[in-house]
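Undergrad: My questions will all concern the structure given below.
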Amino acid sequence: MPSSRTGRPPVQRAARRPVVPGPPRENPFRTLVTRARRAWDRPLTAYYLILGGSLLITVLGLVMVYSASQITALQMSLPGSYFFLKQLLAAGIGAVLLLAASRMPVKLHRALAYPILAGAVFLMALVQVPGIGVAVNGNQNWIALGGTFQLQPSEFGKLALVLWGADLLARKQDKRLLTQWKHMLVPLVPAAFMLLGLIMLGGDMGTAIILTAILFGLLWLAGAPTRLFVGVLSIAALLGAILIRTSPNRMARLSCLGATEPQSGPVDCWQAVHGIYALASGGIFGSGLGASVEKWGQLPEAHTDFIFAVTGEELGLVGTLSVLALFAALGYAGIRVAGRTEDPFVRYAAGGVTTWITAQAVINIGAVLGLLPIAGVPLPLFSYGGSALLPTMFAIGLLIAFAREDPAARMALAMRQPRFGKKRIGGSQRPRRWNTMRRRAPVARSSGER
């Protein structure tokens, strides 16, 4: 063995092991996207989106109502929390209605369609009786209940049209009558025009637009032919143009589109312009909760129709985008419920409710942004107004009930919620994987006919 220069024996070095290539590193972004897709496709996604989204919108709406209505209440010599307490009471009653609607079976929902329609028509006709109907801001669409409480029956007309129209179309589909245009239109369109006529007698065109959107949503879901759909849409557009042309107030609202100064023309666009001012002064993160300047008498209806502008001023772009994201999630969940069911009533009712809430949110936010004429409709679940909050929360309960009725969601809830203190059966088994966006019930289940 040769020696080293120092006289010591050389050190024997271990032979190098061959380098084995390890598993390729996964892209963290791609992994995150994959996990998000799996979570998004779970059976209870729509259920949690509807429940959580509506709850967050309602709670945030209560906070903003309290912030936006304090100055208005003090100007009316009322306590600062006056409007907030009334809205909180309406939210409590609405929560009971939501819970009741979410626990009702589908057959009971169908059974309530005709009583709710009859009650809504009766109350909407009662509004026009002298001494009973009350005019607010030039529109006679209210009924005095005593004290400071009032009721707007036209808000319940939206719920009535959704339930009754869904039940009607579902029964006709079961009998295979929707292939004939007369069965698709009659009596759905005449009944909707009757509701629209009762609403327009009071001058509330904003609510009439929402009702028209619900009607078109039901016809679209029923598979109305393009020429039939365009024909009904043309008639509605012609009637709307006549109603706008013959009303100086509506023409004034239309002329305020794009206005940047309150006195930029012959029409005073004070409300529309100050709504833009409120949004512009909020910046990215807002001036702080309760620190709005426009609500100090500059912005009319700050806690009702223009509460989104106060939200933008106090919570900034982050707050307004959060509200938009919540409404987008709610709309997606409603579309998902309507698209995955095999029950025609559930499909029409879920689609009608989703059309109602989405269209009303778009019209309200579009008016605040100056993109649409001011229609005088509240932001669903967000603006002040018990008459609008109660039927909307009942409609949210409908969506929750429909989301729970999905076979995959029902099984997931049964596995997740043990009964009578017993452990879940098969808890040690591997979790079942669902492909819920494409899963269909093997046999169409009818929810029953009246």
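Ordering of the structure tokens sets the chain letters (A, B, ...); residue numbers start at 1 within each chain; ligands are numbered from 1 in the order shown.
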Would you pick out the contacts of segment 76-93 of chain A at 10 Å or less, using only C-alpha atoms, so that residues sharing its chain but fewer than 6 positions from it are not included, and give the list as a list in words?
TA: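 The residues that qualify are Thr58, Val59, Gly61, Leu62, Val63, Met64, Val65, Tyr66, Ser67, Ala68, Ser69, Gln70, Thr148, Phe149, His303, Leu381, Phe382, Ser383, Tyr384, Gly385, Gly386, Ser387, Ala388, Leu389, Leu390 and Met393 of chain A.
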Undergrad: Between atom CA of Gly331 of chain A and atom CA of Val33 of chain A, what is the spacing in Å?
TA: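 Interatomic distance here is 21.8 Å.
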Undergrad: For segment 324-330 of chain A, work out the shell of residues within 10 Å, counting only C-alpha atoms and skipping chain neighbours fewer than 4 positions away, then give it as number ranges by chain.
TA: A: 46-57, 318-320, 334-336, 354, 357-358, 361-362, 365, 380, 396, 399
Undergrad: Write out as an mmCIF file with all heavy atoms, in the first residue's frame the residues lying within 9 Å of segment 223-240 of chain A, counting only C-alpha atoms and excluding same-chain residues fewer than 4 positions away.
TA:
data_model
loop_
_atom_site.group_PDB
_atom_site.id
_atom_site.type_symbol
_atom_site.label_atom_id
_atom_site.label_comp_id
_atom_site.auth_asym_id
_atom_site.auth_seq_id
_atom_site.Cartn_x
_atom_site.Cartn_y
_atom_site.Cartn_z
ATOM 1 N N LEU A 178 -95.595 21.748 -22.560
ATOM 2 C CA LEU A 178 -94.775 22.925 -22.819
ATOM 3 C C LEU A 178 -94.253 22.973 -24.247
ATOM 4 O O LEU A 178 -93.623 23.965 -24.634
ATOM 5 C CB LEU A 178 -93.594 22.972 -21.838
ATOM 6 C CG LEU A 178 -93.961 23.227 -20.376
ATOM 7 C CD1 LEU A 178 -92.713 23.295 -19.521
ATOM 8 C CD2 LEU A 178 -94.758 24.522 -20.231
ATOM 9 N N THR A 179 -94.493 21.939 -25.023
ATOM 10 C CA THR A 179 -94.094 21.978 -26.433
ATOM 11 C C THR A 179 -95.034 22.861 -27.253
ATOM 12 O O THR A 179 -94.707 23.214 -28.384
ATOM 13 C CB THR A 179 -94.087 20.565 -27.012
ATOM 14 O OG1 THR A 179 -95.373 19.945 -26.807
ATOM 15 C CG2 THR A 179 -93.007 19.721 -26.325
ATOM 16 N N TRP A 181 -96.900 26.480 -27.650
ATOM 17 C CA TRP A 181 -96.637 27.842 -27.193
ATOM 18 C C TRP A 181 -97.781 28.403 -26.362
ATOM 19 O O TRP A 181 -97.559 29.190 -25.441
ATOM 20 C CB TRP A 181 -96.360 28.741 -28.395
ATOM 21 C CG TRP A 181 -97.561 28.950 -29.283
ATOM 22 C CD1 TRP A 181 -97.912 28.210 -30.359
ATOM 23 C CD2 TRP A 181 -98.545 29.971 -29.145
ATOM 24 N NE1 TRP A 181 -99.069 28.684 -30.923
ATOM 25 C CE2 TRP A 181 -99.482 29.785 -30.191
ATOM 26 C CE3 TRP A 181 -98.748 31.009 -28.267
ATOM 27 C CZ2 TRP A 181 -100.590 30.605 -30.372
ATOM 28 C CZ3 TRP A 181 -99.854 31.848 -28.437
ATOM 29 C CH2 TRP A 181 -100.754 31.640 -29.474
ATOM 30 N N MET A 184 -97.387 27.351 -22.862
ATOM 31 C CA MET A 184 -96.245 27.991 -22.229
ATOM 32 C C MET A 184 -96.579 29.418 -21.785
ATOM 33 O O MET A 184 -96.084 29.902 -20.765
ATOM 34 C CB MET A 184 -95.057 27.996 -23.190
ATOM 35 C CG MET A 184 -93.768 28.535 -22.576
ATOM 36 S SD MET A 184 -92.367 28.336 -23.684
ATOM 37 C CE MET A 184 -92.211 26.545 -23.697
ATOM 38 N N VAL A 189 -98.267 34.273 -18.539
ATOM 39 C CA VAL A 189 -98.068 35.662 -18.947
ATOM 40 C C VAL A 189 -99.253 36.549 -18.550
ATOM 41 O O VAL A 189 -99.043 37.654 -18.026
ATOM 42 C CB VAL A 189 -97.782 35.727 -20.461
ATOM 43 C CG1 VAL A 189 -97.709 37.169 -20.936
ATOM 44 C CG2 VAL A 189 -96.472 34.995 -20.779
ATOM 45 N N MET A 205 -92.300 51.507 -11.019
ATOM 46 C CA MET A 205 -91.793 50.820 -12.200
ATOM 47 C C MET A 205 -90.581 49.963 -11.871
ATOM 48 O O MET A 205 -90.307 48.973 -12.557
ATOM 49 C CB MET A 205 -91.433 51.829 -13.292
ATOM 50 C CG MET A 205 -91.103 51.172 -14.626
ATOM 51 S SD MET A 205 -90.972 52.327 -15.979
ATOM 52 C CE MET A 205 -90.658 51.181 -17.339
ATOM 53 N N ILE A 209 -90.056 46.102 -13.135
ATOM 54 C CA ILE A 209 -88.925 45.590 -13.917
ATOM 55 C C ILE A 209 -88.430 44.272 -13.336
ATOM 56 O O ILE A 209 -88.119 43.324 -14.074
ATOM 57 C CB ILE A 209 -87.801 46.639 -13.961
ATOM 58 C CG1 ILE A 209 -88.261 47.875 -14.738
ATOM 59 C CG2 ILE A 209 -86.543 46.058 -14.588
ATOM 60 C CD1 ILE A 209 -87.252 49.003 -14.734
ATOM 61 N N THR A 212 -90.829 41.568 -14.268
ATOM 62 C CA THR A 212 -90.648 41.201 -15.672
ATOM 63 C C THR A 212 -89.425 40.298 -15.849
ATOM 64 O O THR A 212 -89.457 39.338 -16.639
ATOM 65 C CB THR A 212 -90.506 42.464 -16.523
ATOM 66 O OG1 THR A 212 -91.631 43.330 -16.305
ATOM 67 C CG2 THR A 212 -90.426 42.113 -17.995
ATOM 68 N N PHE A 216 -89.356 36.487 -17.508
ATOM 69 C CA PHE A 216 -88.480 36.047 -18.590
ATOM 70 C C PHE A 216 -87.565 34.918 -18.134
ATOM 71 O O PHE A 216 -87.224 34.028 -18.925
ATOM 72 C CB PHE A 216 -87.655 37.225 -19.106
ATOM 73 C CG PHE A 216 -88.448 38.175 -19.960
ATOM 74 C CD1 PHE A 216 -88.444 39.535 -19.695
ATOM 75 C CD2 PHE A 216 -89.200 37.714 -21.016
ATOM 76 C CE1 PHE A 216 -89.176 40.409 -20.469
ATOM 77 C CE2 PHE A 216 -89.945 38.580 -21.806
ATOM 78 C CZ PHE A 216 -89.928 39.940 -21.532
ATOM 79 N N LEU A 218 -88.356 32.549 -16.000
ATOM 80 C CA LEU A 218 -89.163 31.329 -16.025
ATOM 81 C C LEU A 218 -89.377 30.840 -17.451
ATOM 82 O O LEU A 218 -89.309 29.626 -17.723
ATOM 83 C CB LEU A 218 -90.509 31.591 -15.340
ATOM 84 C CG LEU A 218 -90.470 31.834 -13.829
ATOM 85 C CD1 LEU A 218 -91.859 32.211 -13.304
ATOM 86 C CD2 LEU A 218 -89.960 30.599 -13.096
ATOM 87 N N LEU A 219 -89.652 31.770 -18.379
ATOM 88 C CA LEU A 219 -89.833 31.369 -19.773
ATOM 89 C C LEU A 219 -88.545 30.792 -20.355
ATOM 90 O O LEU A 219 -88.572 29.834 -21.135
ATOM 91 C CB LEU A 219 -90.299 32.569 -20.604
ATOM 92 C CG LEU A 219 -91.726 33.065 -20.345
ATOM 93 C CD1 LEU A 219 -92.016 34.302 -21.172
ATOM 94 C CD2 LEU A 219 -92.747 31.977 -20.636
ATOM 95 N N ILE A 244 -92.195 55.084 -19.750
ATOM 96 C CA ILE A 244 -91.118 56.039 -19.472
ATOM 97 C C ILE A 244 -91.370 57.362 -20.187
ATOM 98 O O ILE A 244 -91.173 58.443 -19.615
ATOM 99 C CB ILE A 244 -89.763 55.435 -19.898
ATOM 100 C CG1 ILE A 244 -89.415 54.238 -19.012
ATOM 101 C CG2 ILE A 244 -88.655 56.480 -19.824
ATOM 102 C CD1 ILE A 244 -88.160 53.509 -19.439
ATOM 103 N N ARG A 245 -91.838 57.281 -21.416
ATOM 104 C CA ARG A 245 -92.043 58.498 -22.208
ATOM 105 C C ARG A 245 -93.147 59.351 -21.637
ATOM 106 O O ARG A 245 -93.081 60.602 -21.719
ATOM 107 C CB ARG A 245 -92.369 58.104 -23.654
ATOM 108 C CG ARG A 245 -92.437 59.270 -24.619
ATOM 109 C CD ARG A 245 -91.089 59.926 -24.784
ATOM 110 N NE ARG A 245 -91.159 61.053 -25.717
ATOM 111 C CZ ARG A 245 -90.134 61.860 -25.985
ATOM 112 N NH1 ARG A 245 -88.959 61.648 -25.387
ATOM 113 N NH2 ARG A 245 -90.261 62.860 -26.839
#
Undergrad: So which one's closest to Leu257 of chain A, A:Thr45, A:Gln271, A:Ser287, A:Gln75? Using only C-alpha atoms, please.
TA: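 Closest residue, counting only C-alpha atoms: A:Gln271.
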